[in-house]
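Enquirer: This is the structure I want to talk about, given as structure tokens.
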Amino acid sequence: MNQFSAFQPCTIPLPSSKSESNRALIIDALTEGENHLHNLAEARDTQTMIRLLKENPPVYDVLDAGTTMRFLTAYAAVTNQHKVLTGTARMCERPIGILVDALREIGAEIHYLNSEGYPPLAVHGLQEQKSGRVSIRGDVSSQYISALLMISPKLPQGLQLELEGKVGSKTYIEMTIQLMKAFGVEAIWENNTIIVAPQKYQPTTFSVESDWSGASYWFSLVACAEKGELFLKGLKENSLQGDSKIVEIMDKLGVKSEFNADGVKLTKQPIKGFEAFDFTHCPDIAQTVAVTCAIVGQKAVFTGVESLRIKETDRIFALQQELAKFNADFVETEKDVFTLIPSVNMPNQVRIHTYDDHRMAMAFMPLMTKTRVIIEDPEVVNKSYPSFWKHLEILSSNI
């Protein structure tokens with residue numbers, strides 16, 4: 001029997017949401033007054049944001065934090081600061097042109113220091129608002145949209161944001177709007193237009209929810225195990241986070257969820273069958289679900305995963321390479337439509353390359369229910385979930 005194929009009931013003290021934390025920090029920095037923020041994420045991305053906002057250096061080195069790069073670019077512009085923004089080599093390969101174009105249209109002065117459309121870049125503030133209406137593609141990154149929304153109450157004219165075409169990761173935009181509301185700012189979203197009038201953020205007390213992205217790996221572990229029960233602390237049934245869709249998905253893949261005031265209990269149940277899912281609004285859990293399907297023997301169709309190509313790595317390519325190591329396939333059957341073909345023959349050992357991507361390390365962890373697994377660069381989880389392996393030790397002590 002493999003180490004995690006069966007385990008006794010235990011509690012996992014999940015980390016706080018990185019997505020909520022980073023938004024709350026930007027709003028806090030824009031608030032005229034003192035907020036009380038509680039339960040901020042331990043994730044490196046969030047700790048980087050905290051440090052940069054506190055120290056206010058001339059160069060914002062965001063390391064590999066995409067949200068930090070995008071949010072701070074907009075923040076530096078609206079607060080009329082002169083900043084250079086840079087990061088790791090991979091961060092400087094991740095596009096930011098759509099956000100920069102929108103900020104320039106509003107009135108910000110921003111220059112690229114190397115390649116057009118990519119960091120590093122120099123922000124020279126926003127002396128005068130030139131436009132109160134901006135159009136932006138909705139299908140590339142919701143972080144661009146969130147960055148613009150959070151600064152919009154501070155603009156003299158406010159902002160009317162027109163979302164062009166298909167809108168991806170819609171739940172993250174909704175999260176941003178709900179968090180703005182928690183700090184006293186109203187936004188109106190009708191059809192593909194979001195309107196934010198000039199307003200002031202109001203000081204408040206805000207506590208960050210536990211992270212649903214981090215929770216997804218424990219759902220996967222229960223799905224892949226022969227027997228087990230986990231309690232995940234700090235999750236809300238009616239969450240702002242789009243990745244809470246994992247409850248619906250994992251219900252079909254063998255996990256029963258029962259909520260109470262403190263969190264959610266996961267127990268193993270029979271697989272109901274999972275045929276297809278559109279991950280447009282929750283792309284960060286696509287890796288988790290793909291690996292789960294591969295392990296439990298469930299063929300499935302994945303759509304809405306195009307944005308995975310421009311994350312910390314090309315996650316489509318990375319998934320294909322690593323799934324093949326235990327005889328599973330992730331095949332593009334038509335443009336942007338992928339079919340997961342599960343493993344039929346599990347090897348005695350699998351070595352997983354992480355591609356400098358925290359989610360690759362965590363998504364493949366449930367393989368430990370079936371075979372011996374070696375995760376290369378396990379510390380990569382520090383980006384979003386530094387205590388991940390310590391939490392796995394909690395589980396191992398309950399076997």
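For the structure tokens, the naming scheme is as follows: chains receive sequential letters (A, B, ...) according to their order of presentation, residues are indexed from 1 within each chain, and ligands are indexed from 1 in presentation order.
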Check the DSSP output for the backbone and give back, as a count of residues only, the residues of stretch 138-314 of chain A in strand (DSSP E or B).
Expert: 42
Enquirer: As a PyMOL selection string, list the residues of stretch 12-169 of chain A assigned to alpha helix (DSSP H) by DSSP on the backbone atoms of this structure.
Expert: chain A and resi 18-30+44-55+66-78+97-106+142-151
Enquirer: Which residues are close to A:Arg315, i.e. within 12 Å by only C-alpha atoms, leaving aside same-chain residues fewer than 5 positions away? Reply as an mmCIF file with N, CA and C atoms, in the first residue's frame.
Expert:
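Saved to out.cif:
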```cif
data_model
loop_
_atom_site.group_PDB
_atom_site.id
_atom_site.type_symbol
_atom_site.label_atom_id
_atom_site.label_comp_id
_atom_site.auth_asym_id
_atom_site.auth_seq_id
_atom_site.Cartn_x
_atom_site.Cartn_y
_atom_site.Cartn_z
ATOM 1 N N PRO A 283 -9.123 28.961 -14.077
ATOM 2 C CA PRO A 283 -8.025 28.228 -14.723
ATOM 3 C C PRO A 283 -6.989 27.660 -13.769
ATOM 4 N N ASP A 284 -6.860 28.233 -12.575
ATOM 5 C CA ASP A 284 -5.812 27.765 -11.661
ATOM 6 C C ASP A 284 -6.063 26.369 -11.098
ATOM 7 N N ILE A 285 -7.284 25.849 -11.228
ATOM 8 C CA ILE A 285 -7.534 24.490 -10.730
ATOM 9 C C ILE A 285 -7.516 23.455 -11.846
ATOM 10 N N ALA A 286 -7.244 23.890 -13.080
ATOM 11 C CA ALA A 286 -7.252 22.949 -14.206
ATOM 12 C C ALA A 286 -6.177 21.873 -14.057
ATOM 13 N N GLN A 287 -4.979 22.266 -13.610
ATOM 14 C CA GLN A 287 -3.922 21.268 -13.412
ATOM 15 C C GLN A 287 -4.326 20.223 -12.385
ATOM 16 N N THR A 288 -4.894 20.691 -11.280
ATOM 17 C CA THR A 288 -5.336 19.789 -10.219
ATOM 18 C C THR A 288 -6.332 18.772 -10.752
ATOM 19 N N ALA A 290 -6.898 17.881 -13.906
ATOM 20 C CA ALA A 290 -6.310 17.009 -14.921
ATOM 21 C C ALA A 290 -5.560 15.848 -14.286
ATOM 22 N N VAL A 305 -8.894 26.750 -21.117
ATOM 23 C CA VAL A 305 -7.579 26.666 -20.476
ATOM 24 C C VAL A 305 -6.489 27.391 -21.276
ATOM 25 N N GLU A 306 -6.893 28.223 -22.254
ATOM 26 C CA GLU A 306 -5.908 28.894 -23.098
ATOM 27 C C GLU A 306 -4.934 29.742 -22.301
ATOM 28 N N SER A 307 -5.427 30.378 -21.229
ATOM 29 C CA SER A 307 -4.576 31.285 -20.444
ATOM 30 C C SER A 307 -3.458 30.551 -19.719
ATOM 31 N N LEU A 308 -3.540 29.223 -19.626
ATOM 32 C CA LEU A 308 -2.488 28.468 -18.941
ATOM 33 C C LEU A 308 -1.144 28.600 -19.645
ATOM 34 N N ARG A 309 -1.163 28.964 -20.910
ATOM 35 C CA ARG A 309 0.100 29.055 -21.652
ATOM 36 C C ARG A 309 0.965 30.235 -21.204
ATOM 37 N N ILE A 310 0.350 31.258 -20.571
ATOM 38 C CA ILE A 310 1.128 32.458 -20.202
ATOM 39 C C ILE A 310 1.217 32.623 -18.691
ATOM 40 N N GLN A 320 1.371 18.148 -20.201
ATOM 41 C CA GLN A 320 1.558 17.076 -21.183
ATOM 42 C C GLN A 320 2.831 16.277 -20.900
ATOM 43 N N GLN A 321 3.903 16.973 -20.575
ATOM 44 C CA GLN A 321 5.181 16.300 -20.317
ATOM 45 C C GLN A 321 5.118 15.413 -19.074
ATOM 46 N N GLU A 322 4.543 15.948 -18.004
ATOM 47 C CA GLU A 322 4.573 15.213 -16.729
ATOM 48 C C GLU A 322 3.504 14.120 -16.657
ATOM 49 N N LEU A 323 2.331 14.333 -17.245
ATOM 50 C CA LEU A 323 1.309 13.281 -17.279
ATOM 51 C C LEU A 323 1.814 12.066 -18.054
ATOM 52 N N PHE A 330 -2.702 14.452 -22.388
ATOM 53 C CA PHE A 330 -3.524 15.657 -22.409
ATOM 54 C C PHE A 330 -3.437 16.183 -23.829
ATOM 55 N N HIS A 353 8.980 17.121 -12.775
ATOM 56 C CA HIS A 353 9.672 18.399 -12.962
ATOM 57 C C HIS A 353 8.669 19.522 -12.725
ATOM 58 N N THR A 354 9.067 20.586 -12.040
ATOM 59 C CA THR A 354 8.101 21.613 -11.644
ATOM 60 C C THR A 354 8.096 22.856 -12.534
ATOM 61 N N TYR A 355 9.083 23.039 -13.390
ATOM 62 C CA TYR A 355 9.094 24.165 -14.328
ATOM 63 C C TYR A 355 9.007 25.520 -13.609
ATOM 64 N N ASP A 356 9.570 25.625 -12.414
ATOM 65 C CA ASP A 356 9.487 26.852 -11.605
ATOM 66 C C ASP A 356 8.039 27.276 -11.364
ATOM 67 N N ASP A 357 7.135 26.313 -11.284
ATOM 68 C CA ASP A 357 5.705 26.588 -11.141
ATOM 69 C C ASP A 357 5.171 25.888 -9.893
ATOM 70 N N HIS A 358 4.752 26.701 -8.918
ATOM 71 C CA HIS A 358 4.245 26.172 -7.658
ATOM 72 C C HIS A 358 3.098 25.192 -7.852
ATOM 73 N N ARG A 359 2.219 25.466 -8.814
ATOM 74 C CA ARG A 359 1.046 24.614 -8.989
ATOM 75 C C ARG A 359 1.395 23.249 -9.590
ATOM 76 N N MET A 360 2.487 23.157 -10.315
ATOM 77 C CA MET A 360 2.912 21.844 -10.822
ATOM 78 C C MET A 360 3.301 20.938 -9.662
ATOM 79 N N ALA A 361 4.043 21.470 -8.705
ATOM 80 C CA ALA A 361 4.467 20.663 -7.561
ATOM 81 C C ALA A 361 3.272 20.158 -6.766
ATOM 82 N N ALA A 363 -0.072 20.098 -7.658
ATOM 83 C CA ALA A 363 -1.076 19.347 -8.411
ATOM 84 C C ALA A 363 -0.699 17.871 -8.547
#
```
Enquirer: For stretch 164-181 of chain A, please output as an MDAnalysis selection string all residues within 8 Å (counting only C-alpha atoms; exclusion window: fewer than 5 positions along the same chain).
Expert: chainID A and resid 20 23:24 27 135:143 145:146 149:150 186:187 192 201 240:242 280:283
Enquirer: Could you turn the residues from that selection into a file that holds C-alpha atoms, as a compact mmCIF listing (two decimals), in the first residue's frame?
Expert:
```
# COMPACT_ATOMS: atom_id res chain seq x y z
CA GLU A 20 -7.88 38.32 -1.73
CA ARG A 23 -6.29 43.04 -3.66
CA ALA A 24 -6.89 44.06 -0.05
CA ILE A 27 -7.04 48.92 -1.65
CA SER A 135 -11.66 49.37 -23.73
CA ILE A 136 -9.70 46.26 -22.80
CA ARG A 137 -9.73 42.65 -23.96
CA GLY A 138 -11.53 40.42 -21.49
CA ASP A 139 -9.94 37.12 -22.49
CA VAL A 140 -6.27 37.60 -21.63
CA SER A 141 -5.91 38.27 -17.90
CA SER A 142 -8.49 39.35 -15.34
CA GLN A 143 -5.59 40.84 -13.37
CA ILE A 145 -9.03 44.44 -15.34
CA SER A 146 -8.76 44.16 -11.55
CA LEU A 149 -10.83 48.70 -11.29
CA MET A 150 -9.03 49.13 -7.98
CA GLU A 186 -19.54 50.81 -5.50
CA ALA A 187 -19.10 49.55 -9.07
CA ASN A 192 -19.62 44.07 -20.73
CA TYR A 201 -12.31 54.03 -0.03
CA LEU A 240 -15.73 35.19 -3.45
CA GLN A 241 -13.10 32.89 -4.95
CA GLY A 242 -13.78 31.27 -8.31
CA THR A 280 -12.52 29.88 -18.26
CA HIS A 281 -13.35 31.37 -14.86
CA CYS A 282 -11.16 29.11 -12.70
CA PRO A 283 -8.02 28.23 -14.72
```
Enquirer: Name the closest residue to A:Leu235 among the candidates A:Asp211, A:Asp251, A:Asp377, A:Glu258; distances are taken between atoms, counting only C-alpha atoms.
Expert: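 Closest residue, counting only C-alpha atoms: A:Asp211.
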Enquirer: Any idea what's packed within 8 Å of A:Val84, counting only C-alpha atoms, ignoring anything in its chain fewer than 6 positions away? Could you give it as a list in words?
Expert: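 Using only C-alpha atoms, the neighbours found are Pro58, Val59, Tyr60, Pro120, Leu121, Ala122 and Val123 of chain A.
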Enquirer: Have a look at A:Lys252, A:Lys245, A:Lys236, A:His124 and name the one nearest to A:Cys293; count only C-alpha atoms.
Expert: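 Of all the options, A:Lys252 lies closest to A:Cys293.
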Enquirer: Find the residues around A:Gly234 up to 6 Å (only C-alpha atoms counted), leave out those fewer than 5 positions away in its own chain, and share them as a PDB file with C-alpha atoms, in the first residue's frame.
Expert:
```
ATOM      1  CA  SER A 210      -8.630  30.662   3.352  1.00  0.00           C
ATOM      2  CA  ASP A 262     -15.316  26.525  10.600  1.00  0.00           C
ATOM      3  CA  GLY A 263     -14.725  25.043   7.151  1.00  0.00           C
TER       4      GLY A 263
END
```
Enquirer: Tell me, in Å to one decimal, how far atom CA of A:Gln8 is from atom CA of A:Gly228.
Expert: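 Separating atom CA of A:Gln8 from atom CA of A:Gly228 is a distance of 5.9 Å.
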